[in-house]
Amino acid sequence: MSIIHTTVELLAAGRTFCLATVASSGDERVAAGTKALILEDGTVEQATGVDALDAALGGAALEVLASRRRQTREVLPGVLVYFDILFQKTRLVVCGAGHIAIPLARFAREVGFEVTVIDDREDFASPERFPGCEVIARDFVPALRDLPMNRATYAVVITRGHEHDAECLAEILKRETGYVGLIGSRRRVAFVLEMLGRQGIPGSRLEDVFTPIGIPIGAESPEEIAVSIAAELVCMRRKGPRQARALKDSIRGLR
Amino acid sequence: MTDREFFEKLAECERDRLPVCAATIVRTFGSTPRETGAKMIITADGSTWGSVGGGCGENQVRSASLKCLLVTKKPLLLDVDLTDDLGTKGGDVCGGRMHILVEPYIWA
């Protein structure tokens, strides 16, 4: 199988890995364009066949994967290798197909998320309202239960009522996710989180929930709120949870 | 175009035995329109998928790709300077520099 096909299969399987390509070479044993695939656990899925090069690539690829920065390195004298980090595209699951969901699904798609929208009301969860998205018209709990979730899954809970918010969160927080955000006033949010705590969801998991949702930009209209949420999702994806929280807190501190 | 879409497109070209060039930004210096890892596919008739930044930089990539595909048949590491006169006249005023790896896929 060609290295391109293996790359496509690894991406489809949700793996994170490194594709190393010789960008230029002054070493006659190594041709420019030579490639190797290295998985996150250090396994060399496809080697170059040049022993000295393969030996150097494994360790360097692991350092690059750990740094989360794509980069070019000189791995042997005169041999420049570009290390590409490849991973599954982040999926945004939007619970609730109301006014905010429409611009949110659109903005999220435009900044590179794959989007799934769930609502139990068929006239709201209709594909025409969410072009390019996976739309599921079904009760929230069974719909969520059937969705694959992992660290590349971001969930935004914006249903029409706190009962639905609570049932969605209870389901989502049992699973592995990269981000969970909950919309609502401080009062409504506190009520929902307290209820989940009583149901036995661990406090550490409840603390993972981003709420109030979004970067505080003074958003009022559904579109503005969607911008605020989309900004938080981008910050989360690019910078991670610590910086996303710090950004929220520092803006709130300005008041 | 996401990375997955890029590699799926490349796999499709392989299946159809369509010769193409892949261009990838492998290093950037200063301010550039796209980040390291941005990718583009260029066919022999000059049509493209994806983007490595647009404007004059992309024109340079396109002509390098055609040369790789039709003449040298070997990868080329291209130095695209967005500070030069040509770029400025063409509107590329980002001010940075990028190394773009151009690789022909001719599918033996």
# chains A, B, ... in the order shown; residues from 1 in each chain; ligands from 1
>>> select_by_dssp(residues="region 58-241 of chain A", states="alpha helix (DSSP H)", output="MDAnalysis selection string")
chainID A and resid 58:67 101:110 140:145 162:172 186:198 203:207 222:239 241
>>> select_by_dssp(residues="region 13-254 of chain A", states="strand (DSSP E)", output="number ranges by chain")
A: 17-25, 35-39, 44-46, 71-76, 79-86, 91-95, 114-119, 134-137, 153-157, 179-182, 209-210
>>> closest_atom_pairs(of="chain B", to="chain A", cutoff="7 Å", atoms="only C-alpha atoms", output="JSON lines")
{"residue": "B:Arg4", "atom": "CA", "partner": "A:Leu11", "partner_atom": "CA", "distance": 6.3}
{"residue": "B:Phe7", "atom": "CA", "partner": "A:Val8", "partner_atom": "CA", "distance": 5.9}
{"residue": "B:Glu8", "atom": "CA", "partner": "A:Val8", "partner_atom": "CA", "distance": 6.1}
{"residue": "B:Ala11", "atom": "CA", "partner": "A:Ile4", "partner_atom": "CA", "distance": 6.0}
{"residue": "B:Val26", "atom": "CA", "partner": "A:Tyr82", "partner_atom": "CA", "distance": 6.0}
{"residue": "B:Arg27", "atom": "CA", "partner": "A:Thr72", "partner_atom": "CA", "distance": 6.3}
{"residue": "B:Thr36", "atom": "CA", "partner": "A:Arg70", "partner_atom": "CA", "distance": 6.5}
{"residue": "B:Gly37", "atom": "CA", "partner": "A:Asp84", "partner_atom": "CA", "distance": 6.6}
{"residue": "B:Pro75", "atom": "CA", "partner": "A:Gly33", "partner_atom": "CA", "distance": 6.0}
{"residue": "B:Leu77", "atom": "CA", "partner": "A:Ala23", "partner_atom": "CA", "distance": 6.3}
{"residue": "B:Leu101", "atom": "CA", "partner": "A:Ala23", "partner_atom": "CA", "distance": 6.2}
{"residue": "B:Glu103", "atom": "CA", "partner": "A:Gly33", "partner_atom": "CA", "distance": 6.7}
>>> closest_residue(among="B:Asp45, B:Trp107, B:Thr28, B:Leu78", to="Glu58 (chain B)", atoms="only C-alpha atoms")
B:Leu78
>>> atom_distance(atom1="CA of Phe191 (chain A)", atom2="CA of Val141 (chain A)")
19.6 Å
>>> atom_distance(atom1="CA of Gly184 (chain A)", atom2="CA of Ala230 (chain A)")
16.2 Å
>>> closest_residue(among="B:Ala23, B:Met1, B:Leu18, B:Val102", to="Thr43 (chain B)", atoms="only C-alpha atoms")
B:Leu18
>>> atom_distance(atom1="CA of Ala13 (chain A)", atom2="CA of Asp54 (chain A)")
24.4 Å
>>> closest_residue(among="B:Leu82, B:Gly50, B:Lys74, B:Ala44", to="Arg97 (chain B)", atoms="only C-alpha atoms")
B:Leu82
>>> residues_around(residues="Glu224 (chain A)", least_positions_apart="5", cutoff="9 Å", atoms="only C-alpha atoms", output="VMD selection string")
chain A and resid 100 103 217 to 219 229
